[in-house]
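A.B. asks: Pasting work07.txt below, which is compact mmCIF, C-alpha atoms.
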```
# COMPACT_ATOMS: atom_id res chain seq x y z
CA MET H 1 -7.14 13.38 -1.73
CA VAL H 2 -5.71 16.57 -3.23
CA ASP H 3 -9.21 17.86 -4.00
CA LYS H 4 -10.35 17.07 -0.46
CA ILE H 5 -7.40 18.96 1.05
CA LYS H 6 -8.17 21.96 -1.17
CA SER H 7 -11.78 21.94 0.00
CA ILE H 8 -10.76 21.63 3.66
CA ASP H 9 -8.36 24.55 3.28
CA GLN H 10 -10.96 26.63 1.48
CA ALA H 11 -13.46 26.04 4.29
CA MET H 12 -10.93 27.40 6.79
CA ARG H 13 -9.94 30.36 4.63
CA SER H 14 -13.57 31.24 3.92
CA TYR H 15 -14.30 31.48 7.63
CA TYR H 16 -11.49 34.00 8.13
CA GLN H 17 -12.26 36.01 5.01
CA GLU H 18 -15.30 37.23 6.97
CA ALA H 19 -13.17 38.27 9.98
CA LEU H 20 -12.41 41.91 9.22
CA ILE H 21 -11.73 43.26 12.72
CA SER H 22 -7.99 42.55 12.96
CA SER H 23 -6.02 41.86 9.81
CA ASP H 24 -2.93 41.17 11.95
CA LEU H 25 -4.72 38.36 13.77
CA VAL H 26 -6.06 36.84 10.55
CA GLU H 27 -2.60 37.03 8.95
CA SER H 28 -1.13 35.06 11.84
CA ILE H 29 -3.93 32.47 11.78
CA LEU H 30 -3.65 31.95 8.03
CA TYR H 31 0.15 31.69 8.27
CA SER H 32 -0.22 28.52 10.35
CA ILE H 33 -3.25 27.19 8.48
CA GLU H 34 -1.42 27.53 5.17
CA ALA H 35 1.83 26.00 6.44
CA GLY H 36 0.81 22.66 4.98
CA GLY H 37 0.53 19.44 6.92
CA LYS H 38 -0.94 16.08 6.01
CA ARG H 39 -4.51 16.96 7.10
CA ILE H 40 -4.73 13.38 8.34
CA ARG H 41 -7.54 14.00 10.85
CA PRO H 42 -9.99 15.67 8.46
CA LEU H 43 -9.09 13.23 5.67
CA ILE H 44 -9.88 10.28 7.95
CA PHE H 45 -13.25 11.87 8.71
CA LEU H 46 -14.13 12.41 5.05
CA ASP H 47 -12.93 8.97 3.94
CA LEU H 48 -14.98 7.33 6.69
CA LEU H 49 -18.10 9.20 5.61
CA GLU H 50 -17.64 8.02 2.05
CA GLY H 51 -16.97 4.51 3.33
CA PHE H 52 -20.45 4.59 4.85
CA GLY H 53 -21.88 5.74 1.53
CA VAL H 54 -22.42 9.37 2.54
CA SER H 55 -22.07 11.93 -0.28
CA LEU H 56 -19.86 14.79 0.85
CA THR H 57 -21.38 18.26 1.19
CA ARG H 58 -20.09 21.71 2.12
CA ALA H 59 -21.17 21.06 5.72
CA HIS H 60 -18.95 17.98 5.90
CA PHE H 61 -15.94 20.00 4.79
CA GLN H 62 -16.78 22.57 7.46
CA VAL H 63 -16.75 19.84 10.10
CA ALA H 64 -13.40 18.64 8.73
CA ALA H 65 -12.10 22.23 8.80
CA ALA H 66 -13.22 22.73 12.41
CA LEU H 67 -11.19 19.69 13.44
CA GLU H 68 -8.09 20.89 11.58
CA MET H 69 -8.43 24.34 13.15
CA ILE H 70 -8.28 22.85 16.65
CA HIS H 71 -5.23 20.81 15.68
CA THR H 72 -3.45 23.83 14.16
CA GLY H 73 -4.16 25.94 17.24
CA SER H 74 -2.63 23.25 19.42
CA LEU H 75 0.54 23.27 17.30
CA ILE H 76 0.90 27.05 17.64
CA HIS H 77 0.66 26.79 21.43
CA ASP H 78 2.86 23.66 21.60
CA ASP H 79 5.70 25.57 19.94
CA LEU H 80 5.64 28.52 22.38
CA PRO H 81 8.65 29.09 24.67
CA ALA H 82 6.59 28.12 27.74
CA MET H 83 5.71 24.79 26.10
CA ASP H 84 8.00 22.87 23.69
CA ASP H 85 9.92 26.03 22.69
CA ASP H 86 10.46 25.20 19.02
CA ASP H 87 11.59 27.51 16.23
CA TYR H 88 10.29 25.46 13.30
CA ARG H 89 7.06 23.71 12.36
CA ARG H 90 6.29 22.05 9.03
CA GLY H 91 9.65 23.23 7.70
CA ARG H 92 9.30 26.94 8.42
CA LEU H 93 9.36 29.38 11.32
CA THR H 94 6.83 28.75 14.06
CA ASN H 95 4.08 31.33 14.53
CA HIS H 96 5.68 33.11 17.48
CA LYS H 97 8.98 33.37 15.60
CA LYS H 98 7.31 34.73 12.48
CA PHE H 99 5.22 37.22 14.44
CA ASP H 100 5.56 37.42 18.25
CA GLU H 101 4.44 35.47 21.30
CA ALA H 102 1.33 37.53 22.04
CA THR H 103 0.11 37.25 18.45
CA ALA H 104 0.76 33.50 18.42
CA ILE H 105 -1.18 33.02 21.66
CA LEU H 106 -4.16 34.94 20.27
CA ALA H 107 -4.01 33.05 16.96
CA GLY H 108 -4.09 29.79 18.89
CA ASP H 109 -6.96 31.06 21.03
CA SER H 110 -8.92 31.89 17.88
CA LEU H 111 -8.31 28.46 16.39
CA PHE H 112 -9.59 26.84 19.59
CA LEU H 113 -12.78 28.94 19.75
CA ASP H 114 -13.74 29.54 16.11
CA PRO H 115 -14.38 25.87 15.20
CA PHE H 116 -17.50 25.86 17.35
CA GLY H 117 -18.85 28.88 15.47
CA LEU H 118 -18.08 27.14 12.19
CA LEU H 119 -19.95 24.00 13.31
CA ALA H 120 -22.91 26.13 14.37
CA LYS H 121 -23.05 27.70 10.89
CA ALA H 122 -22.89 24.41 9.02
CA GLU H 123 -26.10 23.14 7.44
CA LEU H 124 -26.61 20.17 9.75
CA LYS H 125 -29.50 18.85 11.80
CA ALA H 126 -29.53 20.64 15.16
CA GLU H 127 -29.10 17.40 17.12
CA VAL H 128 -26.18 16.35 14.90
CA ALA H 129 -24.44 19.72 15.27
CA LEU H 130 -24.91 19.54 19.05
CA ALA H 131 -23.41 16.05 19.19
CA LEU H 132 -20.43 17.15 17.10
CA VAL H 133 -19.85 20.19 19.31
CA ARG H 134 -20.04 18.04 22.44
CA GLU H 135 -17.58 15.48 21.08
CA LEU H 136 -15.14 18.12 19.81
CA SER H 137 -15.15 19.89 23.17
CA GLU H 138 -14.57 16.59 25.01
CA ALA H 139 -11.71 15.70 22.66
CA SER H 140 -10.04 19.11 22.83
CA GLY H 141 -10.34 20.61 26.29
CA SER H 142 -9.92 19.62 29.92
CA HIS H 143 -11.35 16.16 29.22
CA GLY H 144 -8.98 15.53 26.31
CA MET H 145 -6.06 17.13 24.52
CA VAL H 146 -5.38 20.06 26.85
CA ALA H 147 -5.50 17.81 29.92
CA GLY H 148 -3.05 15.47 28.21
CA GLN H 149 -0.72 18.38 27.48
CA MET H 150 -0.78 19.33 31.16
CA LEU H 151 0.10 15.77 32.17
CA ASP H 152 2.87 15.79 29.56
CA ILE H 153 4.43 18.95 30.99
CA LYS H 154 4.29 17.60 34.54
CA GLY H 155 5.95 14.40 33.32
CA GLU H 156 9.08 16.09 31.98
CA GLU H 157 12.40 15.09 33.53
CA LYS H 158 10.72 12.04 35.08
CA ARG H 159 10.85 8.38 34.17
CA LEU H 160 7.17 7.64 34.07
CA PRO H 161 5.65 4.16 34.32
CA LEU H 162 4.14 2.88 31.08
CA GLU H 163 0.60 3.24 32.44
CA GLU H 164 1.13 6.96 33.07
CA LEU H 165 2.65 7.46 29.62
CA GLN H 166 -0.38 5.72 28.08
CA LYS H 167 -2.70 8.02 30.01
CA ILE H 168 -0.86 11.11 28.78
CA HIS H 169 -0.97 10.14 25.14
CA ALA H 170 -4.51 8.75 25.23
CA HIS H 171 -5.58 12.32 26.02
CA LYS H 172 -2.92 14.50 24.41
CA THR H 173 -2.99 12.74 21.04
CA GLY H 174 -5.61 10.02 21.14
CA LYS H 175 -8.77 12.00 21.88
CA LEU H 176 -8.46 14.37 18.94
CA LEU H 177 -7.54 11.51 16.60
CA ALA H 178 -10.57 9.55 17.78
CA TYR H 179 -12.85 12.51 16.99
CA PRO H 180 -13.01 12.03 13.19
CA PHE H 181 -14.03 8.40 13.69
CA VAL H 182 -16.80 9.31 16.13
CA ALA H 183 -17.94 12.33 14.10
CA ALA H 184 -18.23 10.21 10.97
CA GLY H 185 -20.30 7.68 12.89
CA ILE H 186 -22.62 10.40 14.15
CA LEU H 187 -23.16 11.80 10.66
CA ALA H 188 -23.61 8.33 9.17
CA GLU H 189 -26.16 7.64 11.94
CA VAL H 190 -24.64 4.31 12.97
CA ASP H 191 -25.98 2.50 16.04
CA ALA H 192 -24.37 2.65 19.49
CA HIS H 193 -22.37 -0.56 19.03
CA ASN H 194 -20.79 0.56 15.77
CA LEU H 195 -20.15 4.03 17.17
CA ASP H 196 -18.25 2.35 20.00
CA LEU H 197 -16.24 0.35 17.45
CA LEU H 198 -15.35 3.54 15.62
CA ARG H 199 -14.26 5.18 18.88
CA GLN H 200 -12.05 2.17 19.64
CA ALA H 201 -10.53 2.39 16.16
CA GLY H 202 -9.82 6.08 16.65
CA GLU H 203 -8.17 5.50 20.01
CA LEU H 204 -5.96 2.80 18.49
CA VAL H 205 -4.96 5.13 15.66
CA GLY H 206 -4.17 7.78 18.28
CA LEU H 207 -1.87 5.33 20.07
CA ALA H 208 -0.20 4.32 16.82
CA PHE H 209 0.24 7.95 15.79
CA GLN H 210 1.93 8.85 19.09
CA VAL H 211 4.23 5.82 19.08
CA ARG H 212 5.14 6.63 15.48
CA ASP H 213 5.91 10.24 16.45
CA ASP H 214 8.08 9.06 19.35
CA ILE H 215 10.04 6.76 17.05
CA LEU H 216 10.55 9.44 14.41
CA ASP H 217 11.71 11.93 17.04
CA VAL H 218 14.82 9.81 17.62
CA THR H 219 15.31 8.34 14.14
CA ALA H 220 14.38 11.09 11.64
CA ASP H 221 16.12 14.34 10.72
CA PHE H 222 14.83 17.90 10.25
CA ASP H 223 14.03 17.42 6.56
CA GLU H 224 11.82 14.42 7.34
CA LEU H 225 10.11 15.97 10.37
CA GLY H 226 9.86 19.64 9.37
CA LYS H 227 10.73 20.47 12.99
CA THR H 228 13.62 20.06 15.40
CA PRO H 229 14.41 16.36 15.95
CA LYS H 230 15.18 14.77 19.33
CA LYS H 231 13.15 17.39 21.21
CA ASP H 232 11.70 14.76 23.55
CA LEU H 233 15.18 13.49 24.29
CA LEU H 234 16.44 16.98 25.12
CA SER H 235 13.39 17.64 27.32
CA GLU H 236 13.96 14.32 29.10
CA LYS H 237 10.41 13.22 28.35
CA SER H 238 9.34 9.64 28.79
CA THR H 239 8.49 8.14 25.40
CA TYR H 240 7.71 4.67 24.13
CA PRO H 241 11.26 4.18 22.76
CA SER H 242 12.85 5.44 25.99
CA LEU H 243 10.77 3.06 28.10
CA LEU H 244 10.49 0.04 25.80
CA GLY H 245 13.12 0.45 23.09
CA LEU H 246 12.66 0.93 19.34
CA ASP H 247 11.83 -2.68 18.45
CA ALA H 248 9.05 -2.97 21.04
CA SER H 249 7.73 0.46 20.02
CA ARG H 250 7.54 -0.61 16.39
CA ALA H 251 5.69 -3.75 17.48
CA ILE H 252 3.11 -1.66 19.39
CA LEU H 253 2.69 0.61 16.36
CA ASN H 254 2.05 -2.29 14.00
CA GLN H 255 -0.21 -4.20 16.39
CA SER H 256 -2.35 -1.12 16.97
CA LEU H 257 -2.80 -0.65 13.23
CA ASP H 258 -3.56 -4.36 12.76
CA ASP H 259 -6.27 -4.08 15.43
CA VAL H 260 -7.80 -1.10 13.60
CA LEU H 261 -7.98 -3.09 10.38
CA VAL H 262 -9.79 -5.89 12.23
CA ILE H 263 -12.44 -3.40 13.36
CA PHE H 264 -12.97 -2.19 9.81
CA LYS H 265 -13.29 -5.75 8.56
CA GLU H 266 -16.14 -6.18 11.04
CA LEU H 267 -17.77 -2.94 9.87
CA GLU H 268 -17.37 -4.11 6.28
CA ALA H 269 -19.03 -7.44 7.03
CA LYS H 270 -21.91 -6.10 9.15
CA GLN H 271 -22.47 -2.58 7.80
CA GLY H 272 -21.35 -2.84 4.19
CA PHE H 273 -18.61 -0.30 4.98
CA ASN H 274 -16.13 0.30 2.14
CA LYS H 275 -12.75 0.19 3.88
CA ASP H 276 -10.49 0.76 0.85
CA GLU H 277 -9.62 4.42 1.42
CA ILE H 278 -9.30 4.30 5.20
CA THR H 279 -7.07 1.23 4.84
CA LYS H 280 -4.69 3.27 2.68
CA ILE H 281 -4.43 5.93 5.40
CA ILE H 282 -3.87 3.30 8.10
CA GLU H 283 -1.15 1.58 6.11
CA ARG H 284 0.65 4.87 5.52
CA LEU H 285 1.17 5.17 9.27
CA ARG H 286 3.47 2.15 9.27
CA LEU H 287 7.23 2.67 9.39
CA HIS H 288 9.38 0.62 7.04
CA GLY H 289 13.08 -0.01 7.54
```
Would you mind writing the file's structure down as structure tokens?
C.D. replies:
Amino acid sequence: MVDKIKSIDQAMRSYYQEALISSDLVESILYSIEAGGKRIRPLIFLDLLEGFGVSLTRAHFQVAAALEMIHTGSLIHDDLPAMDDDDYRRGRLTNHKKFDEATAILAGDSLFLDPFGLLAKAELKAEVALALVRELSEASGSHGMVAGQMLDIKGEEKRLPLEELQKIHAHKTGKLLAYPFVAAGILAEVDAHNLDLLRQAGELVGLAFQVRDDILDVTADFDELGKTPKKDLLSEKSTYPSLLGLDASRAILNQSLDDVLVIFKELEAKQGFNKDEITKIIERLRLHG
């Protein structure tokens, strides 16, 4: 895993080593890229590829990097005063606090746009690259993450029904977490049925990830989170714990992960998929105690 993270990070850094127009912009971008993070989305993608028996190449790490770039850009924008207004991310100052708001906005813009250039440069079949670009756009923009963020903002200071909360998080969090599952299926050239199974698995992981985040927001401290705790509570956002309570939220988290494991058992039985590594990632999303 450590070697994979190093290769993902190197793919991102290499892209920006060629960007010589504004050193200030690159410094801001690299500040957030190098802030750490679990790299869970790209690691899921790479582990899935290997589970299908695909040998990893430089192009695969570029696809993984493109996904992480989108995610990092979203964090920079999430932390801005007009959004979640947070001073810390991953245990250190957020981008706009380290630099300034305008620089942070432009760094986020770059990290939303540059991944598509990186995908275009990767040594992939043209039809595969096109499919990956299409799926990443759908997951990230007005059909996915950004739309979910808009719904999230409009839902502040309201007690939303569960169905509306599910819609918000299916887009804000779920779409981008489903992308590595779908992208791996595209590169492994699975059939339509198995691609649909992978998408379902990704959506379930997205749900579990959001419920987990909601639980940790009210139960963890700064050292555990690397950011300000209880932000959702202070913003009066509807969350799974606020609507259903902690016990029911934990039950949803665990059931979602159990359902994912069932899907991978089917892929193991019918496709010869090796589920060992992805199972480890899934199990790490559980909360104990």
A.B. asks: Considering all atoms listed in the file, state which residue in the set H:Glu123, H:Asp221, H:Asp258, H:Asp152 is at the smallest distance from Arg286 (chain H).
C.D. replies: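 Nearest to Arg286 (chain H): H:Asp258.
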A.B. asks: Point out the residue among H:Leu20, H:Met150, H:Gly141, H:Glu127 with the least atom-to-atom distance to Asp78 (chain H), counting all atoms listed in the file.
C.D. replies: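 So, comparing all the options, the nearest one is H:Met150.
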A.B. asks: Once you count only C-alpha atoms, what closest atom pair and distance in Å to one decimal does each residue of region 247-274 of chain H within 7 Å of region 181-205 of chain H have, with rows by chain and rising residue number, as CSV?
C.D. replies:
```
residue,atom,partner,partner_atom,distance
H:Ser256,CA,H:Leu204,CA,5.5
H:Leu257,CA,H:Val205,CA,6.6
H:Val260,CA,H:Ala201,CA,5.1
H:Ile263,CA,H:Ala201,CA,6.7
```
A.B. asks: Given the point (-0.9, 15.7, 4.3) in the file's coordinates, find the residues that have an atom at most 12 Å from it, counting all atoms listed in the file, and give them as a list in words.
C.D. replies: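 Those residues lying close to the given coordinates are Met1, Val2, Asp3, Lys4, Ile5, Lys6, Ile8, Asp9, Glu34, Ala35, Gly36, Gly37, Lys38, Arg39, Ile40, Arg41, Pro42, Leu43, Ile44, Glu68, Arg90, Ile281, Arg284 and Leu285 of chain H.
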A.B. asks: Would you work out the distance separating CA of Pro241 (chain H) from CA of His171 (chain H), expressed in Å to one decimal?
C.D. replies: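 Going from CA of Pro241 (chain H) over to CA of His171 (chain H), I get 19.0 Å.
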A.B. asks: CA of Phe52 (chain H) and CA of Asn274 (chain H), how far apart in Å?
C.D. replies: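 Value for the CA of Asn274 (chain H)-CA of Phe52 (chain H) distance: 6.7 Å.
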